[in-house]
$ cat run-v5.txt   # compact mmCIF, C-alpha atoms
# COMPACT_ATOMS: atom_id res chain seq x y z
CA MET F 1177 0.00 0.00 0.00
CA GLN F 1178 2.83 2.38 0.86
CA THR F 1179 4.45 1.68 -2.51
CA ARG F 1180 1.18 2.42 -4.33
CA VAL F 1181 0.74 5.73 -2.49
CA LYS F 1182 4.32 6.72 -3.33
CA GLN F 1183 3.80 5.85 -7.00
CA THR F 1184 0.52 7.78 -7.07
CA ILE F 1185 2.18 10.90 -5.66
CA GLN F 1186 5.06 10.59 -8.14
CA GLY F 1187 2.60 10.11 -10.99
CA VAL F 1188 0.47 13.11 -10.08
CA VAL F 1189 3.49 15.39 -9.65
CA GLY F 1190 5.10 14.13 -12.85
CA LEU F 1191 1.90 14.55 -14.86
CA ALA F 1192 1.45 18.06 -13.51
CA ILE F 1193 4.97 18.94 -14.62
CA GLY F 1194 4.34 17.44 -18.06
CA LEU F 1195 1.09 19.34 -18.52
CA PHE F 1196 2.81 22.54 -17.43
CA ILE F 1197 5.50 21.97 -20.07
CA LEU F 1198 2.86 21.47 -22.75
CA TRP F 1199 0.96 24.56 -21.60
CA TRP F 1200 4.20 26.50 -21.72
CA MET F 1201 4.97 25.28 -25.25
CA PHE F 1202 1.48 26.19 -26.49
CA GLN F 1203 1.55 29.70 -25.03
CA GLY F 1204 1.52 32.17 -27.89
CA THR F 1205 1.26 29.41 -30.50
CA SER F 1206 -0.72 30.26 -33.62
CA TRP F 1207 -3.67 27.86 -33.54
CA ASP F 1208 -4.42 28.61 -37.18
CA GLY F 1209 -0.83 27.73 -38.05
CA LEU F 1210 -1.05 24.52 -36.01
CA LYS F 1211 -4.32 23.61 -37.74
CA GLN F 1212 -2.76 24.18 -41.15
CA SER F 1213 0.20 22.00 -40.20
CA PHE F 1214 -2.11 19.08 -39.40
CA GLN F 1215 -4.27 19.68 -42.47
CA GLY F 1216 -1.26 19.43 -44.76
CA ILE F 1217 -0.10 16.03 -43.47
CA ARG F 1218 0.85 13.42 -46.07
CA TRP F 1219 -0.79 10.39 -44.47
CA GLY F 1220 1.10 7.85 -46.56
CA TRP F 1221 4.29 8.77 -44.72
CA ILE F 1222 2.44 8.50 -41.41
CA GLY F 1223 1.46 4.95 -42.33
CA ALA F 1224 5.07 4.14 -43.18
CA GLY F 1225 6.13 5.54 -39.81
CA VAL F 1226 3.63 3.32 -38.00
CA VAL F 1227 4.98 0.24 -39.79
CA ILE F 1228 8.54 1.20 -38.85
CA ILE F 1229 7.56 1.59 -35.18
CA GLY F 1230 6.13 -1.92 -35.28
CA ILE F 1231 9.35 -3.25 -36.82
CA SER F 1232 11.34 -1.54 -34.07
CA PHE F 1233 9.27 -3.44 -31.47
CA LEU F 1234 10.33 -6.71 -33.06
CA GLY F 1235 13.93 -5.53 -33.38
CA ARG F 1236 14.15 -4.75 -29.66
CA VAL F 1237 13.00 -8.24 -28.76
CA LYS F 1238 15.25 -9.90 -31.33
CA ARG F 1239 18.35 -8.15 -29.98
CA TRP F 1240 17.35 -9.12 -26.43
CA SER F 1241 16.75 -12.73 -27.46
CA TYR F 1242 20.48 -13.31 -27.90
CA VAL F 1243 20.92 -12.28 -24.27
CA VAL F 1244 17.95 -14.16 -22.80
CA ARG F 1245 18.38 -17.39 -24.76
CA ALA F 1246 22.04 -17.54 -23.83
CA ALA F 1247 20.88 -17.87 -20.23
CA GLU F 1248 17.82 -20.00 -20.98
CA PRO F 1249 17.71 -21.39 -24.55
CA GLY F 1250 14.08 -22.46 -24.39
CA VAL F 1251 12.51 -19.04 -23.71
CA PRO F 1252 9.81 -18.43 -26.36
CA PHE F 1253 9.75 -15.24 -28.41
CA ARG F 1254 6.24 -14.47 -27.12
CA SER F 1255 7.42 -14.33 -23.49
CA MET F 1256 10.21 -11.91 -24.35
CA PHE F 1257 7.87 -9.80 -26.49
CA SER F 1258 5.23 -9.62 -23.75
CA ALA F 1259 7.82 -8.73 -21.10
CA THR F 1260 9.27 -6.00 -23.30
CA GLN F 1261 5.96 -4.43 -24.33
CA ILE F 1262 4.49 -4.56 -20.83
CA GLY F 1263 7.66 -2.89 -19.60
CA PHE F 1264 7.24 -0.13 -22.19
CA LEU F 1265 3.60 0.22 -21.16
CA ALA F 1266 4.73 0.75 -17.57
CA ASN F 1267 7.27 3.37 -18.69
CA PHE F 1268 4.54 5.26 -20.54
CA THR F 1269 1.89 5.08 -17.83
CA LEU F 1270 3.71 4.85 -14.50
CA PRO F 1271 6.25 7.20 -12.86
CA ALA F 1272 9.96 6.75 -12.12
CA ARG F 1273 10.70 4.68 -15.28
CA ILE F 1274 9.71 1.52 -13.47
CA GLY F 1275 9.21 -0.23 -16.79
CA GLU F 1276 12.64 -1.89 -16.81
CA LEU F 1277 11.91 -3.45 -13.43
CA VAL F 1278 8.48 -4.56 -14.63
CA ARG F 1279 10.04 -6.16 -17.71
CA ALA F 1280 12.30 -8.28 -15.49
CA VAL F 1281 9.44 -9.33 -13.22
CA VAL F 1282 7.23 -10.29 -16.18
CA LEU F 1283 10.01 -12.34 -17.76
CA ALA F 1284 10.58 -14.11 -14.44
CA ARG F 1285 6.86 -14.94 -14.22
CA LEU F 1286 6.68 -16.29 -17.77
CA THR F 1287 9.89 -18.35 -17.67
CA THR F 1288 11.93 -20.51 -15.32
CA LEU F 1289 14.53 -17.78 -14.93
CA GLY F 1290 14.83 -16.30 -11.45
CA VAL F 1291 14.02 -12.65 -10.90
CA VAL F 1292 17.63 -11.79 -10.06
CA ARG F 1293 18.82 -13.27 -13.34
CA CYS F 1294 16.10 -11.40 -15.20
CA PHE F 1295 17.18 -8.09 -13.66
CA ALA F 1296 20.70 -8.77 -14.92
CA LEU F 1297 19.42 -9.61 -18.42
CA VAL F 1298 17.41 -6.39 -18.58
CA ALA F 1299 20.40 -4.38 -17.37
CA LEU F 1300 22.56 -5.95 -20.07
CA ASP F 1301 20.01 -5.00 -22.72
CA ARG F 1302 20.14 -1.39 -21.53
CA VAL F 1303 23.93 -1.46 -21.85
CA ASN F 1304 23.51 -2.75 -25.39
CA ASP F 1305 21.15 0.17 -26.01
CA LEU F 1306 23.98 2.59 -25.22
CA ILE F 1307 25.83 1.38 -28.29
CA GLY F 1308 22.96 2.46 -30.52
CA LEU F 1309 22.74 5.83 -28.77
CA MET F 1310 26.46 6.33 -29.19
CA ALA F 1311 26.20 5.56 -32.91
CA VAL F 1312 23.37 8.07 -33.37
CA MET F 1313 25.23 10.72 -31.38
CA ALA F 1314 28.42 10.08 -33.34
CA VAL F 1315 26.59 10.81 -36.60
CA ALA F 1316 24.85 13.86 -35.13
CA LEU F 1317 28.01 15.33 -33.64
CA SER F 1318 30.17 14.70 -36.70
CA ALA F 1319 27.60 15.94 -39.24
CA TYR F 1320 26.17 18.92 -37.38
CA ARG F 1321 29.11 21.21 -36.76
CA PRO F 1322 27.93 24.84 -36.79
CA ASP F 1323 30.59 27.45 -37.35
CA THR F 1324 28.42 30.37 -36.26
CA THR F 1325 26.46 31.19 -33.12
CA ILE F 1326 23.59 28.77 -32.49
CA GLU F 1327 20.17 30.30 -31.92
CA ILE F 1328 17.78 28.24 -29.80
CA PRO F 1329 14.22 29.30 -30.72
CA GLY F 1330 12.74 31.76 -28.25
CA GLU F 1331 9.30 30.14 -28.59
CA LEU F 1332 10.48 27.30 -26.36
CA PHE F 1333 11.11 29.76 -23.54
CA ARG F 1334 8.32 32.23 -24.29
CA SER F 1335 10.93 34.80 -25.26
CA ASP F 1336 10.83 37.24 -28.16
CA ALA F 1337 14.54 36.79 -28.73
CA PRO F 1338 16.35 33.48 -29.35
CA ILE F 1339 18.85 32.08 -26.87
CA ARG F 1340 22.29 32.39 -28.43
CA VAL F 1341 24.96 29.76 -27.79
CA PRO F 1342 28.51 30.19 -29.13
CA ALA F 1343 29.53 27.49 -31.59
CA SER F 1344 32.61 26.78 -29.48
CA ALA F 1345 30.43 26.02 -26.45
CA TYR F 1346 28.39 23.57 -28.52
CA HIS F 1347 31.51 21.81 -29.77
CA THR F 1348 32.91 21.54 -26.25
CA GLY F 1349 29.66 20.14 -24.83
CA ALA F 1350 29.16 17.78 -27.75
CA ALA F 1351 32.70 16.45 -27.46
CA GLY F 1352 32.27 15.96 -23.71
CA ALA F 1353 29.00 14.04 -24.18
CA GLY F 1354 30.51 11.87 -26.87
CA LEU F 1355 33.59 11.16 -24.76
CA PHE F 1356 31.45 10.18 -21.78
CA LEU F 1357 29.44 7.68 -23.82
CA LEU F 1358 32.61 6.31 -25.36
CA ILE F 1359 34.14 5.78 -21.90
CA VAL F 1360 31.00 4.01 -20.67
CA VAL F 1361 30.89 1.64 -23.62
CA THR F 1362 34.65 1.05 -23.39
CA VAL F 1363 34.34 0.09 -19.73
CA PHE F 1364 31.64 -2.44 -20.53
CA VAL F 1365 33.64 -3.90 -23.40
CA LEU F 1366 36.63 -4.29 -21.08
CA LEU F 1367 34.37 -5.91 -18.49
CA TYR F 1368 33.44 -8.52 -21.07
CA ILE F 1369 37.07 -9.08 -22.06
CA ASN F 1370 38.80 -8.86 -18.66
CA LYS F 1371 36.55 -8.32 -15.65
CA ASN F 1372 39.32 -8.62 -13.06
CA LEU F 1373 41.42 -5.91 -14.72
CA VAL F 1374 38.55 -3.41 -14.66
CA LEU F 1375 37.73 -4.19 -11.03
CA ARG F 1376 41.39 -3.78 -10.02
CA ILE F 1377 41.59 -0.42 -11.77
CA SER F 1378 38.33 0.73 -10.16
CA ASP F 1379 39.38 -0.41 -6.68
CA GLY F 1380 42.81 1.17 -7.09
CA PHE F 1381 41.34 4.49 -8.21
CA PHE F 1382 38.98 4.78 -5.25
CA ALA F 1383 41.67 3.60 -2.82
CA PHE F 1384 43.96 6.34 -4.15
CA ILE F 1385 41.25 9.01 -3.74
CA GLU F 1386 40.32 7.74 -0.29
CA LYS F 1387 43.95 7.95 0.84
CA ARG F 1388 44.20 11.54 -0.40
CA LEU F 1389 41.03 12.41 1.52
CA ALA F 1390 42.31 10.96 4.80
CA PHE F 1391 42.38 14.45 6.30
CA ALA F 1392 38.57 14.65 5.91
CA ALA F 1393 37.07 11.53 7.48
CA PRO F 1394 33.47 12.06 6.20
CA LEU F 1395 34.68 12.46 2.61
CA ALA F 1396 36.96 9.44 2.94
CA ARG F 1397 34.07 7.30 4.19
CA LEU F 1398 31.88 8.53 1.33
CA CYS F 1399 34.60 7.65 -1.15
CA HIS F 1400 34.95 4.21 0.42
CA ARG F 1401 31.22 3.53 0.09
CA LEU F 1402 31.18 4.82 -3.47
CA GLY F 1403 34.07 2.55 -4.31
CA GLY F 1404 32.25 -0.45 -2.84
CA TRP F 1405 29.07 0.41 -4.75
CA THR F 1406 31.04 0.78 -7.99
CA HIS F 1407 32.77 -2.58 -7.44
CA ARG F 1408 29.45 -4.35 -6.85
CA THR F 1409 27.76 -2.65 -9.79
CA LEU F 1410 30.56 -3.48 -12.22
CA GLY F 1411 30.59 -7.02 -10.90
CA GLN F 1412 26.87 -7.41 -11.56
CA PHE F 1413 27.27 -6.14 -15.12
CA ALA F 1414 30.18 -8.51 -15.66
CA GLU F 1415 28.02 -11.42 -14.49
CA GLY F 1416 25.43 -10.33 -17.04
CA PHE F 1417 28.01 -10.35 -19.83
CA ASP F 1418 28.89 -13.92 -18.92
CA VAL F 1419 25.54 -15.11 -20.30
CA PHE F 1420 26.81 -14.78 -23.87
CA ARG F 1421 27.92 -18.15 -25.15
CA SER F 1422 30.02 -16.62 -27.91
CA ALA F 1423 31.25 -13.34 -29.30
CA SER F 1424 29.08 -14.11 -32.35
CA ASP F 1425 25.92 -13.91 -30.24
CA MET F 1426 27.00 -10.57 -28.84
CA ALA F 1427 27.78 -9.27 -32.35
CA LYS F 1428 24.34 -10.32 -33.57
CA SER F 1429 22.69 -8.65 -30.61
CA VAL F 1430 24.58 -5.43 -31.32
CA ALA F 1431 23.67 -5.64 -35.02
CA TYR F 1432 19.95 -5.90 -34.23
CA ASN F 1433 20.39 -3.06 -31.77
CA LEU F 1434 21.81 -0.80 -34.48
CA ALA F 1435 19.01 -1.85 -36.83
CA THR F 1436 16.47 -0.92 -34.14
CA TRP F 1437 17.99 2.53 -33.73
CA ALA F 1438 17.96 2.89 -37.52
CA CYS F 1439 14.19 2.35 -37.28
CA PHE F 1440 13.91 5.19 -34.76
CA VAL F 1441 15.74 7.52 -37.13
CA ALA F 1442 13.74 6.33 -40.16
CA MET F 1443 10.47 6.95 -38.31
CA LEU F 1444 11.45 10.57 -37.64
CA GLN F 1445 12.42 10.97 -41.29
CA CYS F 1446 8.94 9.76 -42.26
CA MET F 1447 7.50 12.43 -39.98
CA LEU F 1448 9.58 15.12 -41.69
CA PHE F 1449 8.33 13.92 -45.08
CA ALA F 1450 4.75 13.79 -43.76
CA PHE F 1451 4.88 17.48 -42.80
CA GLY F 1452 6.81 18.47 -45.91
CA VAL F 1453 9.78 19.66 -43.87
CA GLN F 1454 12.93 20.33 -45.87
CA ALA F 1455 15.98 19.92 -43.65
CA PRO F 1456 19.56 18.58 -43.84
CA TRP F 1457 19.86 14.77 -43.86
CA TYR F 1458 21.40 14.70 -40.39
CA THR F 1459 18.49 16.56 -38.76
CA VAL F 1460 16.81 13.31 -37.69
CA PHE F 1461 20.01 12.16 -35.96
CA VAL F 1462 20.15 15.37 -33.93
CA MET F 1463 16.45 15.04 -33.06
CA GLN F 1464 16.79 11.37 -32.09
CA ALA F 1465 19.88 11.99 -29.94
CA ALA F 1466 18.12 14.83 -28.11
CA LEU F 1467 15.00 12.71 -27.62
CA ALA F 1468 16.91 9.67 -26.34
CA ILE F 1469 18.77 11.75 -23.77
CA ALA F 1470 15.61 13.57 -22.64
CA ILE F 1471 13.55 10.41 -22.02
CA SER F 1472 16.41 8.42 -20.48
CA VAL F 1473 15.84 10.07 -17.10
CA PRO F 1474 12.80 9.59 -14.85
CA GLY F 1475 10.21 12.20 -15.69
CA THR F 1476 6.59 12.64 -16.57
CA PRO F 1477 4.13 9.73 -17.07
CA GLY F 1478 3.74 9.08 -20.76
CA PHE F 1479 6.70 11.39 -21.35
CA VAL F 1480 4.19 14.23 -21.71
CA GLY F 1481 6.15 17.36 -22.58
CA GLN F 1482 9.37 15.42 -22.06
CA PHE F 1483 8.90 13.93 -25.54
CA GLN F 1484 7.92 17.10 -27.41
CA VAL F 1485 10.58 19.54 -26.19
CA PRO F 1486 13.68 17.71 -27.54
CA LEU F 1487 12.05 17.08 -30.93
CA VAL F 1488 11.04 20.71 -31.38
CA ALA F 1489 14.40 21.96 -30.09
CA GLY F 1490 16.40 19.53 -32.24
CA LEU F 1491 14.48 20.37 -35.41
CA LYS F 1492 14.58 24.14 -34.88
CA LEU F 1493 18.23 23.96 -33.92
CA VAL F 1494 19.28 22.46 -37.26
CA ALA F 1495 16.57 23.97 -39.45
CA PRO F 1496 15.53 27.30 -37.87
CA GLU F 1497 13.52 28.21 -40.98
CA VAL F 1498 10.93 25.55 -40.12
CA SER F 1499 7.88 27.16 -38.54
CA TYR F 1500 7.30 26.59 -34.84
CA ALA F 1501 3.79 25.35 -35.63
CA ASP F 1502 5.13 22.65 -37.97
CA ALA F 1503 7.78 21.59 -35.43
CA LEU F 1504 5.25 21.41 -32.59
CA ALA F 1505 2.68 19.53 -34.70
CA LEU F 1506 5.33 17.01 -35.76
CA ALA F 1507 6.42 16.46 -32.16
CA ILE F 1508 2.83 16.02 -30.94
CA LEU F 1509 1.91 13.51 -33.63
CA SER F 1510 5.18 11.57 -33.17
CA HIS F 1511 4.43 11.26 -29.47
CA LEU F 1512 0.82 10.18 -30.06
CA LEU F 1513 1.86 7.49 -32.56
CA ASN F 1514 4.56 6.07 -30.29
CA ALA F 1515 2.43 6.25 -27.15
CA GLY F 1516 -0.62 4.79 -28.86
CA LEU F 1517 1.24 1.80 -30.28
CA VAL F 1518 3.16 1.15 -27.05
CA ILE F 1519 0.08 1.38 -24.83
CA GLY F 1520 -2.13 -0.61 -27.21
CA THR F 1521 0.40 -3.40 -27.65
CA GLY F 1522 1.16 -3.48 -23.92
CA LEU F 1523 -2.49 -3.79 -22.98
CA VAL F 1524 -2.95 -6.66 -25.44
CA CYS F 1525 0.07 -8.46 -23.93
CA LEU F 1526 -1.31 -7.94 -20.42
CA GLN F 1527 -4.58 -9.49 -21.50
CA PHE F 1528 -2.95 -12.48 -23.19
CA GLU F 1529 -0.68 -13.20 -20.22
CA GLY F 1530 -3.36 -12.63 -17.58
CA LEU F 1531 -1.32 -10.03 -15.70
CA HIS F 1532 -2.20 -6.77 -13.92
CA LEU F 1533 -0.01 -3.70 -14.32
CA LEU F 1534 -0.44 -2.23 -10.83
CA GLN F 1535 0.38 -5.57 -9.20
CA LEU F 1536 3.47 -5.84 -11.38
CA SER F 1537 4.58 -2.32 -10.46
CA GLU F 1538 4.22 -3.00 -6.73
CA GLU F 1539 6.08 -6.28 -7.02
CA SER F 1540 8.83 -4.61 -9.04
CA ALA F 1541 9.27 -1.82 -6.50
CA SER F 1542 9.47 -4.27 -3.58
CA LYS F 1543 11.99 -6.48 -5.34
CA LYS F 1544 14.11 -3.46 -6.24
CA GLU F 1545 14.26 -2.46 -2.57
CA ALA F 1546 15.14 -6.05 -1.65
CA MET F 1547 17.93 -6.17 -4.20
CA GLU F 1548 19.38 -2.88 -2.97
CA SER F 1549 19.35 -4.20 0.59
CA ALA F 1550 20.95 -7.43 -0.57
CA LEU F 1551 23.74 -5.59 -2.36
CA GLU F 1552 24.62 -3.83 0.89
CA ALA F 1553 24.66 -7.08 2.88
CA GLN F 1554 28.25 -8.17 3.28
CA ASP F 1555 27.66 -11.37 5.21
CA GLU F 1556 25.55 -13.44 2.79
CA PRO F 1557 25.47 -14.24 -0.91
CA PHE F 1558 23.55 -11.91 -3.20
CA GLN F 1559 21.02 -14.52 -4.34
CA ASP F 1560 20.31 -15.70 -0.75
CA ALA F 1561 19.80 -12.16 0.48
CA VAL F 1562 17.34 -11.33 -2.30
CA GLU F 1563 15.34 -14.48 -1.69
CA ARG F 1564 15.20 -13.73 2.04
CA GLU F 1565 14.12 -10.10 1.50
CA THR F 1566 11.41 -10.96 -1.06
CA ARG F 1567 9.73 -13.75 0.90

$ encode --input "run-v5.txt" --output "structure tokens"
Amino acid sequence: MQTRVKQTIQGVVGLAIGLFILWWMFQGTSWDGLKQSFQGIRWGWIGAGVVIIGISFLGRVKRWSYVVRAAEPGVPFRSMFSATQIGFLANFTLPARIGELVRAVVLARLTTLGVVRCFALVALDRVNDLIGLMAVMAVALSAYRPDTTIEIPGELFRSDAPIRVPASAYHTGAAGAGLFLLIVVTVFVLLYINKNLVLRISDGFFAFIEKRLAFAAPLARLCHRLGGWTHRTLGQFAEGFDVFRSASDMAKSVAYNLATWACFVAMLQCMLFAFGVQAPWYTVFVMQAALAIAISVPGTPGFVGQFQVPLVAGLKLVAPEVSYADALALAILSHLLNAGLVIGTGLVCLQFEGLHLLQLSEESASKKEAMESALEAQDEPFQDAVERETR
């Protein structure tokens, strides 16, 4: 009951924030211009976009299948598809991005895999997802290289004047973001190749910092705890990588991951064609990178507002000549198509599997708390601690 109350409060607050963002974006918008934007839609491209979204659903499950079936070869495609789509449904309708936890719980219910193993398999899939994001960002950062001051449209901030950002600041921030993603992916690759080396480097780094902070005991203790958390987290990821039976399986999983991200980009390109937007070829990569970053953090239920802002900003950033009404209409329709297909497919999967979303969310939250407690327990194995906490 306490978990449900907490989720309800988070949902109400998040939805209020999302609605405020939408209200803010619509302030001063020309309703006649927005109406004209929708009236001029080329519906054939919308249909193509819907088909591509459906293909991306299958691509997500196919890439995950190489992870899941390495741990349990007999898992049917339907179980993985249902777990994935119900997880997406939870992400779109419940707060705090609990969908990844729900996906693990659903997979555990539909298969013989334990819930702890399923959490690891979901985490590994999210790591795989980073590779696709890095590829999209690499294209966006290498292709979009402004040599003059960038003007962020003032409409997004209800300002008459645009927000000006020096090109040098953009290049510095873009390079920093790209470097961060590259480091993350590199660490995970090294974990797969040589787990002990990465753990020794991590432990040595935190031991070095802790020694230098010996003069400040609270900071030294904080560093010690952070080092322990990092060691456990890296160890859990490394255990997840161990499920791959061969480098070939991992390569296939990555290939399907890149194909799935290509679907995301292709869907946005269909939306540009549908609204008759003329923009550089790399515009969709900038829009997709901005969108992926924006929705990767916990936010509003259904990504209300959180979905529209990065699409409008990304499009206007690269193609400022596009009208604000066209950009906003494109973002709204893109969100409705994605949300509608995700929610519809998720509800169908719930019905077929005989599951209830609220029960799954409560179970996921409780198991997450149990796992966190188990990770902190130093006197018993991880699996035993989780089983004890979840009984």

$ closest_residue --input "run-v5.txt" --among "F:Leu1533, F:Gly1354, F:Leu1402, F:Phe1381" --to "Ile1519 of chain F" --atoms "all atoms listed in the file"
F:Leu1533

$ closest_residue --input "run-v5.txt" --among "F:Ala1427, F:Ala1450, F:Leu1373, F:Leu1444" --to "Gly1490 of chain F" --atoms "only C-alpha atoms"
F:Leu1444

$ closest_residue --input "run-v5.txt" --among "F:Gly1209, F:Ile1217, F:Leu1523, F:Glu1327" --to "Phe1449 of chain F" --atoms "only C-alpha atoms"
F:Ile1217

$ closest_residue --input "run-v5.txt" --among "F:Gly1530, F:Gly1230, F:Gly1275, F:Gly1380" --to "Gly1478 of chain F" --atoms "only C-alpha atoms"
F:Gly1275

$ closest_residue --input "run-v5.txt" --among "F:Leu1512, F:Ile1359, F:Met1443, F:Val1485" --to "Gly1223 of chain F" --atoms "only C-alpha atoms"
F:Met1443

$ residues_around --input "run-v5.txt" --residues "segment 1286-1288 of chain F" --least-positions-apart "3" --cutoff "10 Å" --atoms "all atoms listed in the file" --output "number ranges by chain"
F: 1248, 1250-1252, 1254-1256, 1258-1259, 1281-1283, 1291, 1294, 1529
